[in-house]
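One file, entry04.cif, carrying mmCIF, C-alpha atoms and all ligand atoms:
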```cif
data_protein
loop_
_atom_site.group_PDB
_atom_site.id
_atom_site.type_symbol
_atom_site.label_atom_id
_atom_site.label_comp_id
_atom_site.auth_asym_id
_atom_site.auth_seq_id
_atom_site.Cartn_x
_atom_site.Cartn_y
_atom_site.Cartn_z
ATOM 1 C CA MET A 1 101.692 113.405 118.328
ATOM 2 C CA LEU A 2 104.292 116.125 118.172
ATOM 3 C CA PHE A 3 105.350 118.200 115.180
ATOM 4 C CA LEU A 4 108.956 119.259 115.697
ATOM 5 C CA GLN A 5 111.907 120.620 113.757
ATOM 6 C CA GLY A 6 115.507 119.529 113.351
ATOM 7 C CA GLY A 7 114.874 116.335 111.389
ATOM 8 C CA ALA A 8 115.253 112.756 112.516
ATOM 9 C CA SER A 9 118.901 113.553 113.276
ATOM 10 C CA THR A 10 117.788 115.784 116.156
ATOM 11 C CA GLN A 11 115.683 112.897 117.483
ATOM 12 C CA PHE A 12 118.885 110.834 117.657
ATOM 13 C CA ALA A 13 119.837 113.260 120.468
ATOM 14 C CA MET A 14 116.426 114.094 121.939
ATOM 15 C CA VAL A 15 115.593 110.436 122.600
ATOM 16 C CA PRO A 16 118.544 109.824 124.959
ATOM 17 C CA MET A 17 118.471 113.371 126.381
ATOM 18 C CA ASN A 18 114.878 112.880 127.477
ATOM 19 C CA LEU A 19 114.606 109.154 128.054
ATOM 20 C CA LEU A 20 117.994 107.849 129.159
ATOM 21 C CA PRO A 21 118.593 108.820 132.803
ATOM 22 C CA ALA A 22 121.843 108.225 134.656
ATOM 23 C CA GLY A 23 122.012 104.693 136.019
ATOM 24 C CA LYS A 24 119.975 103.291 133.103
ATOM 25 C CA LYS A 25 121.030 101.889 129.739
ATOM 26 C CA ALA A 26 119.662 102.048 126.211
ATOM 27 C CA GLY A 27 119.768 99.104 123.803
ATOM 28 C CA TYR A 28 120.298 99.805 120.103
ATOM 29 C CA VAL A 29 119.615 97.263 117.380
ATOM 30 C CA LEU A 30 122.367 97.829 114.842
ATOM 31 C CA THR A 31 121.198 97.333 111.275
ATOM 32 C CA GLY A 32 123.255 99.823 109.237
ATOM 33 C CA SER A 33 124.206 103.469 108.815
ATOM 34 C CA TRP A 34 121.149 105.115 110.351
ATOM 35 C CA ALA A 35 120.989 102.858 113.394
ATOM 36 C CA ASP A 36 124.697 103.480 113.867
ATOM 37 C CA LYS A 37 124.207 107.242 113.846
ATOM 38 C CA ALA A 38 121.454 106.981 116.434
ATOM 39 C CA TYR A 39 123.645 104.702 118.577
ATOM 40 C CA LYS A 40 126.678 107.000 118.425
ATOM 41 C CA GLU A 41 124.540 109.982 119.356
ATOM 42 C CA ALA A 42 123.066 108.154 122.355
ATOM 43 C CA LYS A 43 126.571 107.405 123.605
ATOM 44 C CA LEU A 44 127.177 111.166 123.866
ATOM 45 C CA PHE A 45 124.516 111.305 126.553
ATOM 46 C CA GLY A 46 124.607 108.047 128.445
ATOM 47 C CA ASN A 47 125.149 104.326 128.532
ATOM 48 C CA ALA A 48 124.125 102.701 125.239
ATOM 49 C CA TYR A 49 124.792 99.117 124.161
ATOM 50 C CA ALA A 50 124.227 96.994 121.068
ATOM 51 C CA ALA A 51 121.121 94.890 121.769
ATOM 52 C CA ALA A 52 121.632 93.026 118.477
ATOM 53 C CA SER A 53 123.653 93.588 115.343
ATOM 54 C CA SER A 54 123.895 92.243 111.808
ATOM 55 C CA GLU A 55 127.308 93.783 111.235
ATOM 56 C CA ALA A 56 128.855 90.316 110.833
ATOM 57 C CA ASP A 57 126.612 89.941 107.761
ATOM 58 C CA LYS A 58 127.584 93.415 106.537
ATOM 59 C CA PHE A 59 124.111 94.657 107.483
ATOM 60 C CA THR A 60 122.464 92.685 104.682
ATOM 61 C CA ARG A 61 119.707 91.478 106.990
ATOM 62 C CA ILE A 62 117.614 92.431 109.988
ATOM 63 C CA PRO A 63 118.685 90.438 113.076
ATOM 64 C CA SER A 64 116.205 87.782 114.247
ATOM 65 C CA LEU A 65 113.892 89.238 116.840
ATOM 66 C CA SER A 66 114.905 86.422 119.190
ATOM 67 C CA ASP A 67 118.523 87.650 119.014
ATOM 68 C CA ILE A 68 117.645 90.966 120.648
ATOM 69 C CA VAL A 69 119.134 90.966 124.132
ATOM 70 C CA VAL A 70 117.646 93.389 126.641
ATOM 71 C CA GLU A 71 120.032 93.945 129.546
ATOM 72 C CA PRO A 72 118.802 94.747 133.064
ATOM 73 C CA ASP A 73 118.127 98.461 133.758
ATOM 74 C CA THR A 74 117.340 99.203 130.137
ATOM 75 C CA ALA A 75 115.362 102.428 129.698
ATOM 76 C CA TYR A 76 114.408 101.721 126.075
ATOM 77 C CA VAL A 77 115.340 99.704 122.999
ATOM 78 C CA HIS A 78 115.831 101.571 119.719
ATOM 79 C CA ILE A 79 115.347 100.153 116.232
ATOM 80 C CA THR A 80 115.470 101.586 112.707
ATOM 81 C CA SER A 81 112.439 100.137 110.933
ATOM 82 C CA ASN A 82 113.919 100.657 107.468
ATOM 83 C CA GLU A 83 117.609 101.153 106.696
ATOM 84 C CA THR A 84 117.391 103.648 103.857
ATOM 85 C CA ILE A 85 120.957 103.235 102.634
ATOM 86 C CA GLY A 86 121.385 99.479 103.046
ATOM 87 C CA GLY A 87 117.884 98.574 101.849
ATOM 88 C CA ILE A 88 116.743 96.289 104.677
ATOM 89 C CA GLN A 89 113.476 96.528 106.602
ATOM 90 C CA PHE A 90 111.875 95.011 109.687
ATOM 91 C CA LYS A 91 108.929 92.818 108.642
ATOM 92 C CA GLU A 92 107.697 92.398 112.197
ATOM 93 C CA PHE A 93 108.559 94.156 115.416
ATOM 94 C CA PRO A 94 109.805 92.797 118.721
ATOM 95 C CA THR A 95 107.531 92.617 121.739
ATOM 96 C CA LEU A 96 109.495 93.722 124.781
ATOM 97 C CA SER A 97 107.988 93.262 128.182
ATOM 98 C CA GLY A 98 108.133 96.443 130.225
ATOM 99 C CA VAL A 99 110.773 98.225 128.135
ATOM 100 C CA PRO A 100 109.607 100.897 125.657
ATOM 101 C CA LEU A 101 110.408 100.211 122.022
ATOM 102 C CA ILE A 102 111.532 103.301 120.104
ATOM 103 C CA ALA A 103 111.659 103.356 116.323
ATOM 104 C CA ASP A 104 113.165 105.623 113.724
ATOM 105 C CA MET A 105 110.588 105.210 110.937
ATOM 106 C CA SER A 106 111.863 108.065 108.789
ATOM 107 C CA SER A 107 111.981 106.110 105.569
ATOM 108 C CA ASP A 108 108.955 103.827 105.851
ATOM 109 C CA ILE A 109 106.370 105.606 107.968
ATOM 110 C CA LEU A 110 102.892 105.322 106.403
ATOM 111 C CA SER A 111 104.131 102.832 103.826
ATOM 112 C CA ARG A 112 102.194 100.037 105.581
ATOM 113 C CA PRO A 113 99.916 99.564 108.569
ATOM 114 C CA VAL A 114 101.823 99.429 111.865
ATOM 115 C CA ASP A 115 100.486 98.512 115.298
ATOM 116 C CA VAL A 116 101.559 101.670 117.137
ATOM 117 C CA SER A 117 100.587 100.164 120.478
ATOM 118 C CA LYS A 118 103.807 98.091 120.324
ATOM 119 C CA PHE A 119 105.910 101.242 120.542
ATOM 120 C CA GLY A 120 106.766 103.731 123.236
ATOM 121 C CA LEU A 121 107.856 106.333 120.716
ATOM 122 C CA ILE A 122 108.099 106.563 116.932
ATOM 123 C CA TYR A 123 109.816 109.390 115.063
ATOM 124 C CA ALA A 124 110.234 110.305 111.429
ATOM 125 C CA GLY A 125 111.574 113.192 109.406
ATOM 126 C CA ALA A 126 108.857 114.114 106.914
ATOM 127 C CA GLN A 127 110.822 114.235 103.706
ATOM 128 C CA LYS A 128 110.590 110.624 102.547
ATOM 129 C CA ASN A 129 106.940 109.621 102.889
ATOM 130 C CA LEU A 130 105.143 112.497 104.619
ATOM 131 C CA GLY A 131 105.863 115.673 102.699
ATOM 132 C CA PRO A 132 108.620 118.237 102.373
ATOM 133 C CA SER A 133 111.506 118.477 104.827
ATOM 134 C CA GLY A 134 111.188 120.788 107.794
ATOM 135 C CA VAL A 135 108.819 118.913 110.085
ATOM 136 C CA THR A 136 109.571 115.841 112.162
ATOM 137 C CA VAL A 137 106.732 113.737 113.519
ATOM 138 C CA VAL A 138 106.927 112.099 116.947
ATOM 139 C CA ILE A 139 104.229 109.652 118.056
ATOM 140 C CA ALA A 140 104.672 108.820 121.724
ATOM 141 C CA ARG A 141 102.993 107.400 124.779
ATOM 142 C CA ASP A 142 101.940 110.245 127.067
ATOM 143 C CA GLU A 143 104.064 109.036 129.971
ATOM 144 C CA LEU A 144 107.267 109.262 127.916
ATOM 145 C CA VAL A 145 106.842 112.931 126.999
ATOM 146 C CA GLN A 146 105.371 114.345 130.196
ATOM 147 C CA GLU A 147 108.453 115.005 132.278
ATOM 148 C CA SER A 148 111.901 115.532 130.811
ATOM 149 C CA PRO A 149 115.020 115.744 133.021
ATOM 150 C CA LYS A 150 115.546 119.240 134.440
ATOM 151 C CA SER A 151 118.893 119.866 132.730
ATOM 152 C CA VAL A 152 117.586 119.493 129.142
ATOM 153 C CA ALA A 153 117.313 122.660 127.046
ATOM 154 C CA THR A 154 113.791 123.984 126.578
ATOM 155 C CA MET A 155 113.525 123.347 122.839
ATOM 156 C CA LEU A 156 114.950 119.835 123.169
ATOM 157 C CA ARG A 157 112.483 118.693 125.826
ATOM 158 C CA TYR A 158 109.538 116.544 124.821
ATOM 159 C CA ASP A 159 107.519 118.003 127.702
ATOM 160 C CA THR A 160 107.866 121.519 126.259
ATOM 161 C CA HIS A 161 106.292 120.489 122.974
ATOM 162 C CA ALA A 162 103.769 118.080 124.495
ATOM 163 C CA GLY A 163 102.626 120.758 126.935
ATOM 164 C CA ASN A 164 102.168 123.369 124.210
ATOM 165 C CA ASP A 165 100.464 121.352 121.450
ATOM 166 C CA SER A 166 103.667 121.624 119.349
ATOM 167 C CA LEU A 167 103.226 125.420 119.346
ATOM 168 C CA TYR A 168 105.834 126.440 121.912
ATOM 169 C CA ASN A 169 107.580 128.443 119.205
ATOM 170 C CA THR A 170 106.837 129.128 115.540
ATOM 171 C CA PRO A 171 106.192 125.785 113.853
ATOM 172 C CA PRO A 172 107.242 125.020 110.262
ATOM 173 C CA VAL A 173 103.784 125.900 108.972
ATOM 174 C CA TYR A 174 104.419 125.283 105.284
ATOM 175 C CA SER A 175 105.723 121.757 105.942
ATOM 176 C CA VAL A 176 102.847 120.970 108.296
ATOM 177 C CA TYR A 177 100.327 122.252 105.745
ATOM 178 C CA MET A 178 101.885 120.164 102.987
ATOM 179 C CA MET A 179 101.934 117.107 105.199
ATOM 180 C CA ASN A 180 98.219 117.486 105.768
ATOM 181 C CA LEU A 181 97.711 117.439 101.993
ATOM 182 C CA VAL A 182 99.831 114.290 101.722
ATOM 183 C CA LEU A 183 97.753 112.627 104.451
ATOM 184 C CA GLN A 184 94.557 113.470 102.559
ATOM 185 C CA TRP A 185 96.095 112.072 99.387
ATOM 186 C CA LEU A 186 97.001 108.897 101.244
ATOM 187 C CA ARG A 187 93.458 108.527 102.528
ATOM 188 C CA ASP A 188 92.153 108.992 98.966
ATOM 189 C CA GLN A 189 94.492 106.214 97.791
ATOM 190 C CA GLY A 190 92.655 103.833 100.114
ATOM 191 C CA GLY A 191 94.771 104.322 103.218
ATOM 192 C CA LEU A 192 97.640 102.255 104.569
ATOM 193 C CA ALA A 193 96.381 98.797 103.588
ATOM 194 C CA ALA A 194 96.065 99.946 99.966
ATOM 195 C CA ILE A 195 99.427 101.713 99.933
ATOM 196 C CA GLU A 196 101.108 98.629 101.420
ATOM 197 C CA GLN A 197 99.656 96.521 98.622
ATOM 198 C CA ARG A 198 100.805 99.060 96.009
ATOM 199 C CA ASN A 199 104.313 99.228 97.489
ATOM 200 C CA ALA A 200 104.546 95.420 97.393
ATOM 201 C CA GLU A 201 103.498 95.356 93.738
ATOM 202 C CA LYS A 202 105.934 98.167 92.873
ATOM 203 C CA THR A 203 108.924 96.567 94.533
ATOM 204 C CA ASP A 204 108.071 93.072 93.236
ATOM 205 C CA LEU A 205 108.633 94.475 89.748
ATOM 206 C CA ILE A 206 112.168 95.605 90.551
ATOM 207 C CA TYR A 207 113.161 92.655 92.726
ATOM 208 C CA GLY A 208 111.801 90.521 89.905
ATOM 209 C CA ALA A 209 114.246 92.123 87.483
ATOM 210 C CA ILE A 210 117.057 91.316 89.932
ATOM 211 C CA ASP A 211 115.945 87.727 90.532
ATOM 212 C CA ARG A 212 115.505 86.771 86.878
ATOM 213 C CA SER A 213 118.871 88.282 85.886
ATOM 214 C CA GLY A 214 120.862 85.126 86.663
ATOM 215 C CA GLY A 215 123.306 87.050 88.849
ATOM 216 C CA PHE A 216 123.764 90.018 86.517
ATOM 217 C CA TYR A 217 122.126 92.125 89.231
ATOM 218 C CA ARG A 218 122.984 91.121 92.798
ATOM 219 C CA GLY A 219 120.499 92.210 95.433
ATOM 220 C CA VAL A 220 122.347 93.494 98.508
ATOM 221 C CA ALA A 221 119.672 92.587 101.073
ATOM 222 C CA GLN A 222 118.995 88.984 102.002
ATOM 223 C CA PRO A 223 115.560 88.106 100.592
ATOM 224 C CA ASP A 224 113.662 87.970 103.902
ATOM 225 C CA SER A 225 114.956 91.419 104.893
ATOM 226 C CA ARG A 226 114.341 93.170 101.579
ATOM 227 C CA SER A 227 113.039 96.694 101.913
ATOM 228 C CA ARG A 228 109.845 97.820 100.193
ATOM 229 C CA MET A 229 111.201 101.383 100.119
ATOM 230 C CA ASN A 230 114.852 101.179 99.051
ATOM 231 C CA ILE A 231 116.078 98.478 96.704
ATOM 232 C CA THR A 232 119.849 98.109 96.719
ATOM 233 C CA PHE A 233 121.744 96.118 94.115
ATOM 234 C CA ARG A 234 125.143 95.722 92.546
ATOM 235 C CA LEU A 235 126.589 94.850 89.169
ATOM 236 C CA ALA A 236 129.724 92.890 88.355
ATOM 237 C CA SER A 237 132.003 95.962 88.329
ATOM 238 C CA GLU A 238 131.959 99.575 89.388
ATOM 239 C CA GLU A 239 132.422 100.499 85.769
ATOM 240 C CA LEU A 240 129.223 98.713 84.817
ATOM 241 C CA GLU A 241 127.425 100.366 87.738
ATOM 242 C CA LYS A 242 128.575 103.761 86.482
ATOM 243 C CA ARG A 243 127.259 102.949 83.031
ATOM 244 C CA PHE A 244 123.942 101.853 84.525
ATOM 245 C CA ALA A 245 123.658 105.089 86.518
ATOM 246 C CA LYS A 246 124.493 107.221 83.498
ATOM 247 C CA GLU A 247 122.197 105.462 81.031
ATOM 248 C CA SER A 248 119.304 105.315 83.436
ATOM 249 C CA GLU A 249 119.664 109.036 84.028
ATOM 250 C CA GLN A 250 119.550 109.648 80.284
ATOM 251 C CA GLN A 251 116.299 107.659 80.232
ATOM 252 C CA GLY A 252 114.812 109.935 82.874
ATOM 253 C CA PHE A 253 115.373 107.899 86.037
ATOM 254 C CA VAL A 254 116.542 109.991 88.976
ATOM 255 C CA GLY A 255 118.906 109.095 91.792
ATOM 256 C CA LEU A 256 119.712 105.455 91.099
ATOM 257 C CA LYS A 257 123.291 105.839 92.211
ATOM 258 C CA GLY A 258 123.721 104.220 95.645
ATOM 259 C CA HIS A 259 124.505 106.340 98.675
ATOM 260 C CA ARG A 260 128.077 107.636 98.489
ATOM 261 C CA SER A 261 128.982 105.759 101.683
ATOM 262 C CA VAL A 262 128.264 102.307 100.184
ATOM 263 C CA GLY A 263 128.297 102.677 96.371
ATOM 264 C CA GLY A 264 126.296 100.331 94.151
ATOM 265 C CA LEU A 265 122.800 101.214 93.013
ATOM 266 C CA ARG A 266 119.614 102.032 94.872
ATOM 267 C CA ALA A 267 116.062 102.496 93.678
ATOM 268 C CA SER A 268 113.879 104.324 96.186
ATOM 269 C CA THR A 269 110.201 103.506 95.916
ATOM 270 C CA TYR A 270 108.553 105.803 98.455
ATOM 271 C CA ASN A 271 104.779 106.217 98.482
ATOM 272 C CA ALA A 272 104.970 109.017 95.907
ATOM 273 C CA VAL A 273 106.757 106.837 93.329
ATOM 274 C CA THR A 274 104.235 105.390 90.893
ATOM 275 C CA TYR A 275 103.703 101.794 89.793
ATOM 276 C CA GLU A 276 104.392 102.920 86.217
ATOM 277 C CA ALA A 277 107.789 104.343 87.207
ATOM 278 C CA CYS A 278 108.762 101.042 88.843
ATOM 279 C CA LYS A 279 107.563 99.102 85.808
ATOM 280 C CA ALA A 280 109.613 101.337 83.531
ATOM 281 C CA LEU A 281 112.685 100.770 85.694
ATOM 282 C CA ALA A 282 112.232 96.981 85.665
ATOM 283 C CA GLU A 283 111.994 97.123 81.868
ATOM 284 C CA PHE A 284 115.078 99.292 81.659
ATOM 285 C CA MET A 285 116.920 96.803 83.885
ATOM 286 C CA ASP A 286 115.984 93.881 81.613
ATOM 287 C CA ASP A 287 117.036 95.858 78.562
ATOM 288 C CA PHE A 288 120.332 96.977 80.089
ATOM 289 C CA ARG A 289 121.103 93.370 81.045
ATOM 290 C CA GLN A 290 120.423 92.121 77.549
ATOM 291 C CA ARG A 291 122.761 94.727 76.128
ATOM 292 C CA ASN A 292 125.534 94.252 78.699
ATOM 293 C CA GLY A 293 125.159 90.707 80.045
HETATM 294 C C1 LIG B 301 116.825 110.230 106.138
HETATM 295 C C2 LIG B 301 116.903 109.491 107.421
HETATM 296 C C3 LIG B 301 117.325 110.103 108.619
HETATM 297 C C4 LIG B 301 117.808 111.531 108.677
HETATM 298 O O1 LIG B 301 116.753 112.391 108.560
HETATM 299 P P1 LIG B 301 116.928 113.974 108.714
HETATM 300 O O2 LIG B 301 115.506 114.417 108.846
HETATM 301 O O3 LIG B 301 117.600 114.440 107.479
HETATM 302 O O4 LIG B 301 117.741 114.237 109.924
HETATM 303 C C5 LIG B 301 117.334 109.343 109.764
HETATM 304 N N1 LIG B 301 116.951 108.060 109.770
HETATM 305 C C6 LIG B 301 116.546 107.432 108.637
HETATM 306 C C7 LIG B 301 116.142 106.007 108.700
HETATM 307 C C8 LIG B 301 116.522 108.134 107.432
HETATM 308 O O5 LIG B 301 116.127 107.520 106.314
#
```

Conversion result in structure tokens:
Amino acid sequence: MLFLQGGASTQFAMVPMNLLPAGKKAGYVLTGSWADKAYKEAKLFGNAYAAASSEADKFTRIPSLSDIVVEPDTAYVHITSNETIGGIQFKEFPTLSGVPLIADMSSDILSRPVDVSKFGLIYAGAQKNLGPSGVTVVIARDELVQESPKSVATMLRYDTHAGNDSLYNTPPVYSVYMMNLVLQWLRDQGGLAAIEQRNAEKTDLIYGAIDRSGGFYRGVAQPDSRSRMNITFRLASEELEKRFAKESEQQGFVGLKGHRSVGGLRASTYNAVTYEACKALAEFMDDFRQRNG
């Protein structure tokens, strides 16, 4: 486990810099904006290809695991476990024989139990489920972080941080301290199995409001790819969406406007968001529909 800086966006570069040697390729599963950023960054450093993509479905679903194509000479396959902006999430993970699986788990780490033994490397910026921004967690197999290529800058080498217990230079101590408090809180909640259950109950409330609306709310994600962290939905017109955003804000809901790159509406239900808050939102959604439907 490494505690680094630079956010998940720096991992988009560190992964290929450290793990994609010349003569090898990296497969990226394209599921939306964050996967695309990781893919574009990898192309700056080496040969990256799309191992699967749901672009044809406008990234409203996670590709079937059986559609993931691993080409010969692949150094690793990269996935984004939860697409924060699009609102889709992997429900199960591919098993790749002999090729390390790398996952950006920035927006759903510690929201559910995960079998880490399936992965070569997992990374996550802290600011969604782990604590304040400033620290980035990397969980990796020893053999992937023991020897970085010689040309990589000192601070961008996994072996630098692995060989110095994440203390090669001054770590972001406040963020690490806060993360420890969040981990204790999570343990007190009953751990990952309990938080998974809670997140399912929370999001069922909001998806329920979408599903009983008779098309007034349109969920963006296809049902079997629905995220338990970011719920994306649309209304009949942008004008109505604006009204929804404004009225919900007046009622004390924060940040329901969708990401500026896609529009629409998005409710984020990270670990820190309470059941009561999700219940209140579902009630607001029913009420808004009755007034505007
Ligand atoms: C927020 C987010 C990022 C970017 O994280 P930074 O720490 O701000 O660089 C990357 N990937 C996913 C899936 C995210 O949700």

Per residue of chain A within 7 Å of ligand LIG 301 (chain B), note the shortest atom pair and the distance in Å to one decimal, counting only C-alpha atoms and all ligand atoms, and order the rows by chain and increasing residue number, as a tab-separated table.
```
residue	atom	partner	partner_atom	distance
A:Gly6	CA	B:LIG301	O4	6.7
A:Gly7	CA	B:LIG301	O2	3.2
A:Ala8	CA	B:LIG301	O4	3.9
A:Ser9	CA	B:LIG301	O4	3.6
A:Thr10	CA	B:LIG301	O4	6.4
A:Trp34	CA	B:LIG301	N1	5.2
A:Thr80	CA	B:LIG301	C7	6.0
A:Asn82	CA	B:LIG301	C7	5.9
A:Glu83	CA	B:LIG301	C7	5.5
A:Thr84	CA	B:LIG301	O5	4.8
A:Asp104	CA	B:LIG301	C7	5.9
A:Met105	CA	B:LIG301	C7	6.0
A:Ser106	CA	B:LIG301	C6	4.7
A:Ser107	CA	B:LIG301	O5	4.4
A:Gly125	CA	B:LIG301	O2	4.2
A:Ala126	CA	B:LIG301	O2	6.9
A:Gln127	CA	B:LIG301	O2	7.0
A:Ser133	CA	B:LIG301	O2	7.0
A:Thr136	CA	B:LIG301	O2	6.9
```

Atoms kept (C-alpha atoms) for selection, written as a PDB file, in the frame of the given file:
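Below you can see selection.pdb, which holds the result:
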```pdb
ATOM      1  CA  GLY A   6     115.507 119.529 113.351  1.00  0.00           C
ATOM      2  CA  GLY A   7     114.874 116.335 111.389  1.00  0.00           C
ATOM      3  CA  ALA A   8     115.253 112.756 112.516  1.00  0.00           C
ATOM      4  CA  SER A   9     118.901 113.553 113.276  1.00  0.00           C
ATOM      5  CA  THR A  10     117.788 115.784 116.156  1.00  0.00           C
ATOM      6  CA  TRP A  34     121.149 105.115 110.351  1.00  0.00           C
ATOM      7  CA  THR A  80     115.470 101.586 112.707  1.00  0.00           C
ATOM      8  CA  ASN A  82     113.919 100.657 107.468  1.00  0.00           C
ATOM      9  CA  GLU A  83     117.609 101.153 106.696  1.00  0.00           C
ATOM     10  CA  THR A  84     117.391 103.648 103.857  1.00  0.00           C
ATOM     11  CA  ASP A 104     113.165 105.623 113.724  1.00  0.00           C
ATOM     12  CA  MET A 105     110.588 105.210 110.937  1.00  0.00           C
ATOM     13  CA  SER A 106     111.863 108.065 108.789  1.00  0.00           C
ATOM     14  CA  SER A 107     111.981 106.110 105.569  1.00  0.00           C
ATOM     15  CA  GLY A 125     111.574 113.192 109.406  1.00  0.00           C
ATOM     16  CA  ALA A 126     108.857 114.114 106.914  1.00  0.00           C
ATOM     17  CA  GLN A 127     110.822 114.235 103.706  1.00  0.00           C
ATOM     18  CA  SER A 133     111.506 118.477 104.827  1.00  0.00           C
ATOM     19  CA  THR A 136     109.571 115.841 112.162  1.00  0.00           C
TER      20      THR A 136
END
```

| field | Output check: residues returned by the PyMOL selection byres (((chain A and resi 91-97) around 10) and not hetatm), as a list in words | value | Ile62, Ser64, Leu65, Ser66, Ile68, Val70, Tyr76, Val77, Ile79, Ser81, Asn82, Ile88, Gln89, Phe90, Gly98, Val99, Pro100, Leu101, Ala103, Val114, Asp115, Lys118, Phe119, Asp224, Ser225, Arg226, Ser227 and Arg228 of chain A

| message | as a ChimeraX atom specification, please: the residues near A:Ile231 (cut-off 8 Å, only C-alpha atoms, same-chain neighbours under 5 positions excluded). | response | /A:87,203,206-207,219,226,266-269

| task | Anything within 10 Å of (123.5, 108.1, 132.3): list those residues as a list in words, counting all atoms listed in the file and sticking to the file's coordinates. | result | Pro16, Met17, Leu19, Leu20, Pro21, Ala22, Gly23, Lys24, Lys25, Ala26, Ala42, Lys43, Leu44, Phe45, Gly46, Asn47 and Ala48 of chain A

| said: If the PyMOL selection byres (((chain A and resi 155) around 12) and not hetatm) were run on this exact file, what residues would it hold? Put them as JSON, numbers by chain. | reply: {"A": [4, 5, 6, 10, 11, 14, 17, 18, 148, 151, 152, 153, 154, 156, 157, 158, 159, 160, 161, 162, 163, 164, 166, 167, 168, 169, 170, 171]}

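When only C-alpha atoms are used to measure the gap to A:Leu2, the shortest distance among A:Val173, A:Val137, A:Leu110, A:Ala52 belongs to A:Val137.
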
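If you measure from each of A:Ala282, A:Leu265, A:Leu192, A:Ile109 to A:Lys242 using all atoms listed in the file, the closest one turns out to be A:Leu265.
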
| request: List, as a count of residues only, every residue that the PyMOL selection byres (((chain A and resi 210) around 12) and not hetatm) selects in the file provided. | output: 34

| task | Record the distance separating atom CA of A:Gly131 and atom CA of A:Phe244, expressed in Å with one decimal. | result | 29.1 Å

| Shortest interatomic distance to A:Leu144 - which of A:Tyr177, A:Ile122, A:Gly255, A:Glu41, counting all atoms listed in the file |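 For A:Leu144, the nearest of the given residues is A:Ile122.
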
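With distances taken over only C-alpha atoms, A:Val15 is the one residue among A:Leu256, A:Val69, A:Leu240, A:Val15 lying closest to A:Leu121.
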
| said: For a quick check of understanding, using all atoms listed in the file, which of A:Ala194, A:Phe3, A:Arg141, A:Asp108 has the smallest distance to A:Ser175? | reply: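 Smallest distance to A:Ser175 is found for A:Phe3.
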
| What separation in Å, quoted to one decimal, exists between atom CA of A:Thr274 and atom CA of A:Gln189? |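 Between these atoms lies a distance of 12.0 Å.
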
| request: Between atom CA of A:Val138 and atom CA of A:Tyr123, measure the distance and give it in Å to one decimal. | output: 4.4 Å

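Of the listed residues A:Gly293, A:Ala193, A:Glu143, A:Pro132, the one whose atoms come nearest to A:Ser237 is A:Gly293, with distances taken using all atoms listed in the file.
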
Who sits within 12 Å of A:Glu238, all atoms listed in the file, same chain under 6 positions skipped, as a short mmCIF file (atom, residue, chain, number, x, y, z; two decimals) with C-alpha atoms, in the frame of the given file:
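Saved as part33.cif:
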```
data_model
loop_
_atom_site.label_atom_id
_atom_site.label_comp_id
_atom_site.auth_asym_id
_atom_site.auth_seq_id
_atom_site.Cartn_x
_atom_site.Cartn_y
_atom_site.Cartn_z
CA PHE A 244 123.94 101.85 84.52
CA ALA A 245 123.66 105.09 86.52
CA LYS A 257 123.29 105.84 92.21
CA GLY A 258 123.72 104.22 95.64
CA VAL A 262 128.26 102.31 100.18
CA GLY A 263 128.30 102.68 96.37
CA GLY A 264 126.30 100.33 94.15
CA LEU A 265 122.80 101.21 93.01
#
```
